[in-house]
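Participant: Below is the file coords_28.cif, which contains mmCIF, N, CA and C atoms and all ligand atoms.
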```cif
data_run
loop_
_atom_site.label_atom_id
_atom_site.label_comp_id
_atom_site.auth_asym_id
_atom_site.auth_seq_id
_atom_site.Cartn_x
_atom_site.Cartn_y
_atom_site.Cartn_z
N ILE A 758 -5.65 -12.67 -6.46
CA ILE A 758 -4.94 -11.39 -6.33
C ILE A 758 -4.36 -11.26 -4.92
N GLU A 759 -3.21 -10.63 -4.84
CA GLU A 759 -2.42 -10.63 -3.61
C GLU A 759 -2.52 -9.29 -2.88
N ARG A 760 -2.30 -9.35 -1.55
CA ARG A 760 -2.22 -8.13 -0.75
C ARG A 760 -0.94 -8.12 0.06
N THR A 761 -0.41 -6.94 0.33
CA THR A 761 0.77 -6.80 1.18
C THR A 761 0.55 -5.67 2.17
N LEU A 762 1.28 -5.71 3.28
CA LEU A 762 1.26 -4.60 4.22
C LEU A 762 2.48 -3.72 3.99
N VAL A 763 2.21 -2.46 3.70
CA VAL A 763 3.27 -1.45 3.57
C VAL A 763 3.17 -0.53 4.77
N LEU A 764 4.29 -0.23 5.40
CA LEU A 764 4.33 0.80 6.44
C LEU A 764 5.27 1.90 5.99
N VAL A 765 4.81 3.16 6.06
CA VAL A 765 5.74 4.28 5.98
C VAL A 765 6.16 4.54 7.42
N LYS A 766 7.42 4.23 7.72
CA LYS A 766 7.93 4.27 9.09
C LYS A 766 8.00 5.73 9.57
N PRO A 767 8.21 5.93 10.90
CA PRO A 767 8.21 7.30 11.43
C PRO A 767 9.20 8.25 10.74
N ASP A 768 10.34 7.75 10.29
CA ASP A 768 11.29 8.65 9.58
C ASP A 768 10.69 9.12 8.27
N GLY A 769 9.98 8.22 7.57
CA GLY A 769 9.35 8.59 6.30
C GLY A 769 8.25 9.61 6.47
N VAL A 770 7.42 9.40 7.50
CA VAL A 770 6.33 10.35 7.77
C VAL A 770 6.91 11.70 8.19
N ARG A 771 7.90 11.68 9.09
CA ARG A 771 8.54 12.93 9.57
C ARG A 771 9.14 13.73 8.43
N ARG A 772 9.70 13.02 7.46
CA ARG A 772 10.37 13.70 6.35
C ARG A 772 9.42 14.07 5.22
N GLY A 773 8.14 13.81 5.41
CA GLY A 773 7.16 14.20 4.40
C GLY A 773 7.16 13.31 3.17
N LEU A 774 7.55 12.03 3.35
CA LEU A 774 7.66 11.12 2.21
C LEU A 774 6.48 10.17 2.06
N ALA A 775 5.45 10.33 2.90
CA ALA A 775 4.31 9.41 2.82
C ALA A 775 3.65 9.50 1.44
N GLY A 776 3.42 10.71 0.98
CA GLY A 776 2.80 10.89 -0.33
C GLY A 776 3.66 10.33 -1.45
N GLU A 777 4.95 10.51 -1.36
CA GLU A 777 5.89 10.00 -2.36
C GLU A 777 5.83 8.46 -2.44
N VAL A 778 5.73 7.81 -1.28
CA VAL A 778 5.63 6.35 -1.26
C VAL A 778 4.32 5.91 -1.91
N LEU A 779 3.21 6.56 -1.52
CA LEU A 779 1.91 6.20 -2.11
C LEU A 779 1.91 6.47 -3.62
N ARG A 780 2.54 7.56 -4.02
CA ARG A 780 2.61 7.89 -5.44
C ARG A 780 3.32 6.79 -6.23
N ARG A 781 4.43 6.31 -5.69
CA ARG A 781 5.17 5.25 -6.40
C ARG A 781 4.37 3.95 -6.46
N VAL A 782 3.67 3.63 -5.37
CA VAL A 782 2.84 2.42 -5.33
C VAL A 782 1.74 2.52 -6.39
N GLU A 783 1.09 3.67 -6.45
CA GLU A 783 0.00 3.84 -7.41
C GLU A 783 0.52 3.91 -8.84
N ALA A 784 1.66 4.57 -9.03
CA ALA A 784 2.22 4.70 -10.37
C ALA A 784 2.62 3.34 -10.94
N LYS A 785 2.99 2.42 -10.06
CA LYS A 785 3.35 1.07 -10.48
C LYS A 785 2.12 0.28 -10.93
N GLY A 786 0.93 0.73 -10.51
CA GLY A 786 -0.31 0.08 -10.92
C GLY A 786 -1.00 -0.69 -9.81
N TYR A 787 -0.49 -0.59 -8.59
CA TYR A 787 -1.14 -1.26 -7.47
C TYR A 787 -2.28 -0.41 -6.94
N THR A 788 -3.16 -1.07 -6.16
CA THR A 788 -4.35 -0.42 -5.62
C THR A 788 -4.25 -0.30 -4.10
N LEU A 789 -4.60 0.87 -3.59
CA LEU A 789 -4.66 1.06 -2.13
C LEU A 789 -6.01 0.53 -1.65
N VAL A 790 -5.99 -0.38 -0.67
CA VAL A 790 -7.27 -0.88 -0.15
C VAL A 790 -7.48 -0.55 1.32
N GLY A 791 -6.48 0.01 1.98
CA GLY A 791 -6.63 0.45 3.37
C GLY A 791 -5.49 1.40 3.70
N VAL A 792 -5.80 2.50 4.34
CA VAL A 792 -4.77 3.49 4.72
C VAL A 792 -5.13 4.04 6.09
N GLU A 793 -4.15 4.04 7.01
CA GLU A 793 -4.42 4.60 8.33
C GLU A 793 -3.14 5.10 8.97
N LEU A 794 -3.23 6.27 9.60
CA LEU A 794 -2.10 6.81 10.37
C LEU A 794 -2.20 6.25 11.79
N VAL A 795 -1.13 5.59 12.23
CA VAL A 795 -1.18 4.84 13.49
C VAL A 795 -0.04 5.26 14.41
N ASN A 796 -0.36 5.52 15.67
CA ASN A 796 0.68 5.63 16.70
C ASN A 796 0.80 4.25 17.33
N ALA A 797 1.74 3.46 16.86
CA ALA A 797 1.79 2.05 17.23
C ALA A 797 2.22 1.86 18.68
N LYS A 798 1.57 0.92 19.35
CA LYS A 798 1.93 0.59 20.73
C LYS A 798 2.92 -0.56 20.72
N GLU A 799 3.61 -0.70 21.86
CA GLU A 799 4.68 -1.69 21.94
C GLU A 799 4.19 -3.12 21.66
N ASP A 800 2.98 -3.45 22.13
CA ASP A 800 2.52 -4.84 21.94
C ASP A 800 2.25 -5.16 20.47
N LEU A 801 1.74 -4.17 19.73
CA LEU A 801 1.55 -4.37 18.28
C LEU A 801 2.90 -4.58 17.59
N LEU A 802 3.88 -3.75 17.95
CA LEU A 802 5.20 -3.85 17.32
C LEU A 802 5.90 -5.15 17.71
N ALA A 803 5.68 -5.59 18.95
CA ALA A 803 6.29 -6.86 19.39
C ALA A 803 5.75 -8.01 18.54
N ARG A 804 4.47 -7.95 18.21
CA ARG A 804 3.90 -9.01 17.38
C ARG A 804 4.34 -8.86 15.93
N HIS A 805 4.38 -7.59 15.47
CA HIS A 805 4.82 -7.34 14.09
C HIS A 805 6.26 -7.83 13.87
N TYR A 806 7.13 -7.54 14.84
CA TYR A 806 8.56 -7.89 14.70
C TYR A 806 8.94 -9.12 15.51
N ALA A 807 7.99 -10.06 15.70
CA ALA A 807 8.24 -11.27 16.50
C ALA A 807 9.51 -12.00 16.05
N GLU A 808 9.79 -12.00 14.73
CA GLU A 808 10.96 -12.74 14.23
C GLU A 808 12.28 -12.13 14.70
N HIS A 809 12.24 -10.87 15.16
CA HIS A 809 13.49 -10.20 15.57
C HIS A 809 13.67 -10.13 17.08
N VAL A 810 12.70 -10.65 17.85
CA VAL A 810 12.83 -10.62 19.32
C VAL A 810 14.14 -11.31 19.71
N GLY A 811 14.90 -10.66 20.60
CA GLY A 811 16.16 -11.25 21.05
C GLY A 811 17.38 -10.74 20.31
N LYS A 812 17.18 -10.13 19.11
CA LYS A 812 18.33 -9.57 18.39
C LYS A 812 18.75 -8.25 19.03
N ASP A 813 20.00 -7.86 18.82
CA ASP A 813 20.51 -6.66 19.50
C ASP A 813 19.78 -5.39 19.03
N PHE A 814 19.28 -5.39 17.81
CA PHE A 814 18.62 -4.17 17.32
C PHE A 814 17.11 -4.17 17.62
N TYR A 815 16.62 -5.22 18.28
CA TYR A 815 15.16 -5.32 18.48
C TYR A 815 14.58 -4.13 19.25
N GLN A 816 15.09 -3.85 20.46
CA GLN A 816 14.49 -2.78 21.27
C GLN A 816 14.69 -1.40 20.62
N PRO A 817 15.88 -1.08 20.10
CA PRO A 817 16.03 0.18 19.37
C PRO A 817 15.06 0.30 18.19
N LEU A 818 14.81 -0.82 17.51
CA LEU A 818 13.88 -0.81 16.38
C LEU A 818 12.46 -0.50 16.85
N VAL A 819 12.03 -1.15 17.94
CA VAL A 819 10.69 -0.90 18.48
C VAL A 819 10.58 0.55 18.96
N ASP A 820 11.61 1.05 19.64
CA ASP A 820 11.60 2.45 20.11
C ASP A 820 11.51 3.41 18.92
N PHE A 821 12.27 3.13 17.88
CA PHE A 821 12.21 3.95 16.66
C PHE A 821 10.79 3.94 16.07
N MET A 822 10.17 2.76 16.03
CA MET A 822 8.83 2.63 15.43
C MET A 822 7.76 3.31 16.29
N MET A 823 8.12 3.62 17.56
CA MET A 823 7.18 4.36 18.43
C MET A 823 7.53 5.85 18.49
N SER A 824 8.49 6.29 17.70
CA SER A 824 8.98 7.67 17.80
C SER A 824 8.08 8.67 17.07
N GLY A 825 7.05 8.18 16.40
CA GLY A 825 6.13 9.07 15.68
C GLY A 825 5.12 8.24 14.94
N PRO A 826 4.17 8.90 14.28
CA PRO A 826 3.13 8.16 13.57
C PRO A 826 3.69 7.37 12.38
N ILE A 827 3.01 6.25 12.11
CA ILE A 827 3.31 5.36 10.98
C ILE A 827 2.12 5.39 10.04
N LEU A 828 2.36 5.47 8.74
CA LEU A 828 1.25 5.32 7.80
C LEU A 828 1.19 3.85 7.39
N ALA A 829 0.13 3.18 7.83
CA ALA A 829 -0.07 1.77 7.49
C ALA A 829 -0.97 1.67 6.27
N VAL A 830 -0.56 0.85 5.30
CA VAL A 830 -1.27 0.77 4.02
C VAL A 830 -1.39 -0.69 3.59
N VAL A 831 -2.57 -1.09 3.19
CA VAL A 831 -2.73 -2.39 2.54
C VAL A 831 -2.80 -2.13 1.04
N VAL A 832 -1.93 -2.82 0.32
CA VAL A 832 -1.79 -2.62 -1.12
C VAL A 832 -2.12 -3.92 -1.83
N GLU A 833 -2.86 -3.82 -2.92
CA GLU A 833 -3.32 -5.00 -3.64
C GLU A 833 -2.83 -4.99 -5.08
N GLY A 834 -2.51 -6.18 -5.58
CA GLY A 834 -2.14 -6.30 -6.99
C GLY A 834 -1.51 -7.66 -7.25
N GLN A 835 -1.39 -8.01 -8.52
CA GLN A 835 -0.71 -9.27 -8.88
C GLN A 835 0.75 -9.17 -8.46
N ARG A 836 1.23 -10.17 -7.72
CA ARG A 836 2.63 -10.26 -7.26
C ARG A 836 3.09 -9.02 -6.50
N VAL A 837 2.15 -8.39 -5.78
CA VAL A 837 2.48 -7.12 -5.11
C VAL A 837 3.49 -7.31 -3.96
N ILE A 838 3.54 -8.51 -3.37
CA ILE A 838 4.49 -8.70 -2.27
C ILE A 838 5.92 -8.56 -2.79
N GLU A 839 6.24 -9.30 -3.83
CA GLU A 839 7.56 -9.16 -4.46
C GLU A 839 7.73 -7.78 -5.06
N GLY A 840 6.66 -7.30 -5.68
CA GLY A 840 6.73 -6.01 -6.38
C GLY A 840 7.05 -4.86 -5.46
N PHE A 841 6.42 -4.84 -4.27
CA PHE A 841 6.73 -3.73 -3.37
C PHE A 841 8.13 -3.87 -2.79
N ARG A 842 8.57 -5.10 -2.49
CA ARG A 842 9.94 -5.29 -1.99
C ARG A 842 10.94 -4.74 -3.01
N SER A 843 10.61 -4.93 -4.28
CA SER A 843 11.46 -4.41 -5.35
C SER A 843 11.44 -2.88 -5.39
N LEU A 844 10.26 -2.28 -5.23
CA LEU A 844 10.16 -0.82 -5.15
C LEU A 844 10.93 -0.27 -3.94
N ALA A 845 10.90 -1.01 -2.82
CA ALA A 845 11.53 -0.53 -1.58
C ALA A 845 13.04 -0.57 -1.67
N GLY A 846 13.60 -1.62 -2.27
CA GLY A 846 15.05 -1.76 -2.35
C GLY A 846 15.62 -2.45 -1.12
N ALA A 847 16.93 -2.56 -1.09
CA ALA A 847 17.61 -3.31 -0.03
C ALA A 847 17.41 -2.66 1.34
N THR A 848 17.48 -3.50 2.39
CA THR A 848 17.24 -3.04 3.77
C THR A 848 18.18 -1.89 4.15
N ASP A 849 19.44 -2.00 3.76
CA ASP A 849 20.47 -1.00 4.11
C ASP A 849 20.42 0.14 3.09
N GLY A 850 19.96 1.30 3.55
CA GLY A 850 19.76 2.43 2.65
C GLY A 850 21.01 2.87 1.90
N THR A 851 22.17 2.69 2.51
CA THR A 851 23.42 3.07 1.85
C THR A 851 23.66 2.22 0.60
N LEU A 852 23.25 0.95 0.69
CA LEU A 852 23.51 0.00 -0.39
C LEU A 852 22.33 -0.15 -1.34
N ALA A 853 21.15 0.31 -0.95
CA ALA A 853 19.96 0.15 -1.80
C ALA A 853 20.16 0.88 -3.13
N SER A 854 19.71 0.27 -4.21
CA SER A 854 19.92 0.85 -5.54
C SER A 854 19.17 2.16 -5.70
N PRO A 855 19.84 3.16 -6.29
CA PRO A 855 19.11 4.38 -6.68
C PRO A 855 17.93 4.00 -7.57
N GLY A 856 16.83 4.72 -7.42
CA GLY A 856 15.61 4.36 -8.14
C GLY A 856 14.63 3.65 -7.22
N THR A 857 15.15 3.02 -6.17
CA THR A 857 14.25 2.43 -5.17
C THR A 857 13.94 3.47 -4.09
N ILE A 858 12.89 3.20 -3.30
CA ILE A 858 12.51 4.15 -2.24
C ILE A 858 13.68 4.33 -1.27
N ARG A 859 14.23 3.22 -0.79
CA ARG A 859 15.35 3.34 0.16
C ARG A 859 16.59 3.89 -0.52
N GLY A 860 16.84 3.48 -1.75
CA GLY A 860 18.01 3.97 -2.47
C GLY A 860 17.95 5.46 -2.73
N ASP A 861 16.76 5.97 -2.92
CA ASP A 861 16.61 7.40 -3.21
C ASP A 861 16.53 8.25 -1.95
N PHE A 862 16.03 7.68 -0.84
CA PHE A 862 15.72 8.53 0.31
C PHE A 862 16.38 8.13 1.63
N ALA A 863 16.97 6.93 1.72
CA ALA A 863 17.53 6.49 3.00
C ALA A 863 19.04 6.40 2.94
N ARG A 864 19.69 6.89 4.01
CA ARG A 864 21.10 6.62 4.21
C ARG A 864 21.18 5.80 5.49
N SER A 865 22.32 5.20 5.74
CA SER A 865 22.44 4.42 6.97
C SER A 865 23.87 4.49 7.44
N TRP A 866 24.00 4.69 8.70
CA TRP A 866 25.31 4.58 9.33
C TRP A 866 25.06 4.28 10.80
N GLY A 867 25.98 3.54 11.39
CA GLY A 867 25.82 3.19 12.80
C GLY A 867 24.47 2.56 13.07
N SER A 868 23.80 3.10 14.07
CA SER A 868 22.54 2.50 14.49
C SER A 868 21.36 2.96 13.63
N LYS A 869 21.62 3.75 12.59
CA LYS A 869 20.52 4.30 11.80
C LYS A 869 20.07 3.39 10.65
N VAL A 870 20.62 2.17 10.59
CA VAL A 870 20.21 1.22 9.54
C VAL A 870 18.70 1.02 9.55
N MET A 871 18.11 1.10 10.74
CA MET A 871 16.67 0.83 10.84
C MET A 871 15.83 1.93 10.22
N GLN A 872 16.41 3.11 10.02
CA GLN A 872 15.64 4.24 9.49
C GLN A 872 15.63 4.17 7.97
N ASN A 873 14.80 3.24 7.47
CA ASN A 873 14.82 2.98 6.02
C ASN A 873 13.45 3.19 5.37
N ILE A 874 12.71 4.15 5.91
CA ILE A 874 11.51 4.73 5.28
C ILE A 874 10.29 3.82 5.23
N VAL A 875 10.48 2.58 4.76
CA VAL A 875 9.31 1.72 4.54
C VAL A 875 9.54 0.30 5.05
N HIS A 876 8.43 -0.36 5.28
CA HIS A 876 8.38 -1.80 5.51
C HIS A 876 7.48 -2.41 4.44
N GLY A 877 7.81 -3.60 3.99
CA GLY A 877 6.90 -4.37 3.14
C GLY A 877 6.95 -5.83 3.54
N SER A 878 5.79 -6.47 3.61
CA SER A 878 5.72 -7.91 3.96
C SER A 878 6.63 -8.72 3.04
N ASP A 879 7.21 -9.80 3.58
CA ASP A 879 8.19 -10.55 2.77
C ASP A 879 7.68 -11.88 2.22
N SER A 880 6.43 -12.26 2.52
CA SER A 880 5.86 -13.52 2.00
C SER A 880 4.35 -13.46 2.15
N PRO A 881 3.63 -14.35 1.46
CA PRO A 881 2.17 -14.38 1.64
C PRO A 881 1.77 -14.64 3.09
N GLU A 882 2.53 -15.50 3.78
CA GLU A 882 2.21 -15.80 5.19
C GLU A 882 2.42 -14.56 6.06
N SER A 883 3.54 -13.85 5.85
CA SER A 883 3.80 -12.61 6.60
C SER A 883 2.73 -11.57 6.30
N ALA A 884 2.35 -11.46 5.04
CA ALA A 884 1.37 -10.45 4.65
C ALA A 884 0.04 -10.70 5.35
N ALA A 885 -0.42 -11.94 5.36
CA ALA A 885 -1.70 -12.26 6.01
C ALA A 885 -1.62 -11.97 7.50
N ARG A 886 -0.52 -12.35 8.12
CA ARG A 886 -0.33 -12.15 9.56
C ARG A 886 -0.28 -10.65 9.88
N GLU A 887 0.47 -9.89 9.10
CA GLU A 887 0.66 -8.46 9.37
C GLU A 887 -0.61 -7.66 9.08
N ILE A 888 -1.31 -8.00 8.01
CA ILE A 888 -2.56 -7.28 7.70
C ILE A 888 -3.57 -7.50 8.82
N ALA A 889 -3.63 -8.73 9.36
CA ALA A 889 -4.55 -9.02 10.47
C ALA A 889 -4.18 -8.20 11.71
N LEU A 890 -2.87 -7.96 11.92
CA LEU A 890 -2.42 -7.17 13.07
C LEU A 890 -2.79 -5.69 12.93
N TRP A 891 -2.51 -5.12 11.77
CA TRP A 891 -2.63 -3.67 11.58
C TRP A 891 -4.03 -3.25 11.15
N PHE A 892 -4.73 -4.18 10.47
CA PHE A 892 -6.10 -3.88 9.99
C PHE A 892 -7.03 -5.04 10.36
N PRO A 893 -7.34 -5.16 11.66
CA PRO A 893 -8.18 -6.29 12.08
C PRO A 893 -9.53 -6.32 11.37
N GLY A 894 -9.99 -5.17 10.86
CA GLY A 894 -11.29 -5.14 10.20
C GLY A 894 -11.25 -5.55 8.73
N LEU A 895 -10.06 -5.63 8.13
CA LEU A 895 -10.00 -5.84 6.67
C LEU A 895 -10.09 -7.31 6.26
P1 LIG B 901 11.14 -4.59 6.61
O1 LIG B 901 10.42 -4.44 5.30
O2 LIG B 901 11.07 -3.33 7.47
O3 LIG B 901 10.74 -5.84 7.38
O4 LIG B 901 12.66 -4.68 6.24
P2 LIG B 901 13.45 -5.92 5.70
O5 LIG B 901 12.53 -7.09 5.49
O6 LIG B 901 14.24 -5.41 4.55
O7 LIG B 901 14.40 -6.21 6.91
P3 LIG B 901 14.19 -7.19 8.17
O8 LIG B 901 12.82 -7.74 8.22
O9 LIG B 901 15.36 -8.12 8.21
O10 LIG B 901 14.39 -6.15 9.37
C1 LIG B 901 13.32 -5.38 9.80
C2 LIG B 901 13.81 -3.98 10.08
O11 LIG B 901 14.73 -4.02 11.16
C3 LIG B 901 14.61 -3.36 8.92
O12 LIG B 901 13.80 -2.73 7.97
C4 LIG B 901 15.42 -2.34 9.67
O13 LIG B 901 14.60 -1.22 9.99
C5 LIG B 901 15.76 -3.07 10.96
N1 LIG B 901 17.02 -3.82 10.86
C6 LIG B 901 17.26 -4.96 10.18
N2 LIG B 901 18.52 -5.36 10.31
C7 LIG B 901 19.11 -4.47 11.14
C8 LIG B 901 20.42 -4.35 11.70
O14 LIG B 901 21.31 -5.17 11.45
N3 LIG B 901 20.65 -3.28 12.52
C9 LIG B 901 19.69 -2.38 12.82
N4 LIG B 901 19.99 -1.36 13.62
N5 LIG B 901 18.44 -2.46 12.31
C10 LIG B 901 18.15 -3.49 11.49
MG MG B 902 11.24 -7.83 7.00
#
```
Output the file's structure in the form of structure tokens.
Ligand code: GTP
Ligand code: MG
Facilitator:
Amino acid sequence: IERTLVLVKPDGVRRGLAGEVLRRVEAKGYTLVGVELVNAKEDLLARHYAEHVGKDFYQPLVDFMMSGPILAVVVEGQRVIEGFRSLAGATDGTLASPGTIRGDFARSWGSKVMQNIVHGSDSPESAAREIALWFPGL
């Protein structure tokens, strides 16, 4: 059985969408195995977003992720990594399909592409790495 790391990003928490995200995850049949509200520090985010270091949106992304609390969630289920990416929808909220979390709740223009409500691990290797970062005890 697989696990993934889901983050409700600061825009999602600010807009009161944390419960909506958890509701969709549970309605799909996945299980919550860890939930914590986190004020993430820069070093955690630097490790979380290591693949994006050096890109032009890296520092704005880290600043955005420090702009308020994040709901960090470990979710378990068969094929949950792919399954949650499917629930989340495309990275760009303007283009994400209606019915997905981003398609239903995120818009994007200019530098706001990063404000897309949720994060979900993109592979088993990423999931293991990210869960160890956000939930060292799990
Ligand atoms: P995550 O689930 O959050 O990892 O999203 P993703 O896998 O769909 O996208 P990716 O890992 O490529 O990028 C991580 C995050 O960086 C995205 O969710 C956005 O918040 C932000 N981001 C990605 N691409 C861009 C971009 O071109 N411009 C800006 N401003 N932000 C971006
Ligand atoms: Mg990603």
Participant: Hey, can you check how far atom N of A:Arg760 sits from atom N of A:Val837?
Facilitator: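 Atom-to-atom, atom N of A:Arg760 and atom N of A:Val837 are spaced 6.2 Å apart.
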Participant: Kindly provide, as a list in words, the polymer residues lying within 7 Å of (-3.6, -7.1, -10.6), counting only C-alpha atoms and using the coordinates exactly as they appear in the file.
Facilitator: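 The answer, in the requested form, is Ile758, Gly834 and Gln835 of chain A.
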Participant: Sorted by chain and rising residue number, list the residues of chain A at most 8 Å from ligand LIG 901 (chain B) (counting only N, CA and C atoms and all ligand atoms), each with its closest atom pair and distance in Å to one decimal, as JSON lines.
Facilitator:
```
{"residue": "A:Val763", "atom": "CA", "partner": "B:LIG901", "partner_atom": "O1", "distance": 7.9}
{"residue": "A:Leu764", "atom": "N", "partner": "B:LIG901", "partner_atom": "O1", "distance": 7.4}
{"residue": "A:Tyr806", "atom": "CA", "partner": "B:LIG901", "partner_atom": "C1", "distance": 7.3}
{"residue": "A:Glu808", "atom": "C", "partner": "B:LIG901", "partner_atom": "O8", "distance": 7.8}
{"residue": "A:His809", "atom": "CA", "partner": "B:LIG901", "partner_atom": "O10", "distance": 7.5}
{"residue": "A:Asp813", "atom": "C", "partner": "B:LIG901", "partner_atom": "N4", "distance": 6.7}
{"residue": "A:Phe814", "atom": "CA", "partner": "B:LIG901", "partner_atom": "N4", "distance": 4.8}
{"residue": "A:Tyr815", "atom": "N", "partner": "B:LIG901", "partner_atom": "N5", "distance": 6.8}
{"residue": "A:Pro817", "atom": "C", "partner": "B:LIG901", "partner_atom": "N4", "distance": 6.9}
{"residue": "A:Leu818", "atom": "CA", "partner": "B:LIG901", "partner_atom": "C5", "distance": 6.2}
{"residue": "A:Val819", "atom": "N", "partner": "B:LIG901", "partner_atom": "O11", "distance": 7.8}
{"residue": "A:Arg842", "atom": "CA", "partner": "B:LIG901", "partner_atom": "O1", "distance": 7.4}
{"residue": "A:Ala845", "atom": "C", "partner": "B:LIG901", "partner_atom": "O6", "distance": 8.0}
{"residue": "A:Gly846", "atom": "C", "partner": "B:LIG901", "partner_atom": "O6", "distance": 6.5}
{"residue": "A:Ala847", "atom": "C", "partner": "B:LIG901", "partner_atom": "O6", "distance": 5.3}
{"residue": "A:Thr848", "atom": "CA", "partner": "B:LIG901", "partner_atom": "O6", "distance": 3.9}
{"residue": "A:Asp849", "atom": "N", "partner": "B:LIG901", "partner_atom": "O6", "distance": 6.3}
{"residue": "A:Gly867", "atom": "C", "partner": "B:LIG901", "partner_atom": "N4", "distance": 6.0}
{"residue": "A:Ser868", "atom": "C", "partner": "B:LIG901", "partner_atom": "N4", "distance": 4.5}
{"residue": "A:Lys869", "atom": "N", "partner": "B:LIG901", "partner_atom": "N4", "distance": 5.5}
{"residue": "A:Val870", "atom": "C", "partner": "B:LIG901", "partner_atom": "N5", "distance": 4.4}
{"residue": "A:Met871", "atom": "CA", "partner": "B:LIG901", "partner_atom": "O13", "distance": 3.0}
{"residue": "A:Gln872", "atom": "N", "partner": "B:LIG901", "partner_atom": "O13", "distance": 4.7}
{"residue": "A:Asn873", "atom": "N", "partner": "B:LIG901", "partner_atom": "O13", "distance": 5.1}
{"residue": "A:Ile874", "atom": "N", "partner": "B:LIG901", "partner_atom": "O13", "distance": 7.0}
{"residue": "A:Val875", "atom": "C", "partner": "B:LIG901", "partner_atom": "O2", "distance": 4.6}
{"residue": "A:His876", "atom": "CA", "partner": "B:LIG901", "partner_atom": "O1", "distance": 3.3}
{"residue": "A:Gly877", "atom": "N", "partner": "B:LIG901", "partner_atom": "O1", "distance": 3.0}
{"residue": "A:Ser878", "atom": "N", "partner": "B:LIG901", "partner_atom": "O1", "distance": 5.3}
{"residue": "A:Asp879", "atom": "CA", "partner": "B:LIG901", "partner_atom": "O5", "distance": 6.2}
```
Participant: Atom CA of A:Arg864 and atom CA of A:Glu833, how far apart in Å?
Facilitator: 28.2 Å
Participant: Between A:Gly769, A:Arg781, A:Pro893, A:Gly776, which has the minimum distance to A:Ala863 (counting only C-alpha atoms)?
Facilitator: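 Closest to A:Ala863, using only C-alpha atoms: A:Gly769.
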Participant: Please list as a CSV table (one decimal) with N, CA and C atoms, in the frame of the given file every residue within 8 Å of A:Glu793, counting only N, CA and C atoms and excluding residues in the same chain fewer than 4 positions away.
Facilitator:
```csv
chain,number,residue,atom,x,y,z
A,826,PRO,N,4.2,8.9,14.3
A,826,PRO,CA,3.1,8.2,13.6
A,826,PRO,C,3.7,7.4,12.4
A,827,ILE,N,3.0,6.2,12.1
A,827,ILE,CA,3.3,5.4,11.0
A,827,ILE,C,2.1,5.4,10.0
A,828,LEU,N,2.4,5.5,8.7
A,828,LEU,CA,1.2,5.3,7.8
A,828,LEU,C,1.2,3.8,7.4
A,829,ALA,N,0.1,3.2,7.8
A,829,ALA,CA,-0.1,1.8,7.5
A,829,ALA,C,-1.0,1.7,6.3
A,830,VAL,N,-0.6,0.8,5.3
A,830,VAL,CA,-1.3,0.8,4.0
A,830,VAL,C,-1.4,-0.7,3.6
A,831,VAL,N,-2.6,-1.1,3.2
A,831,VAL,CA,-2.7,-2.4,2.5
A,831,VAL,C,-2.8,-2.1,1.0
```
Participant: Rounded to one decimal place, report the atom N of A:Gly825-atom CA of A:Pro767 distance in Å.
Facilitator: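 Separation between atom N of A:Gly825 and atom CA of A:Pro767: 5.2 Å.
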Participant: Taking the DSSP assignment computed from this structure's backbone, write out as a VMD selection string all residues of chain A that belong to strand (DSSP E or B).
Facilitator: chain A and resid 759 to 765 788 to 795 827 to 834 855 857 875 to 877
Participant: Residues of chain A classed as helix (DSSP H, G or I) by DSSP on the backbone are to be reported as a PyMOL selection string.
Facilitator: chain A and resi 767-771+775-785+799-805+807-809+815-822+837-845+858-862+867-871+881-891
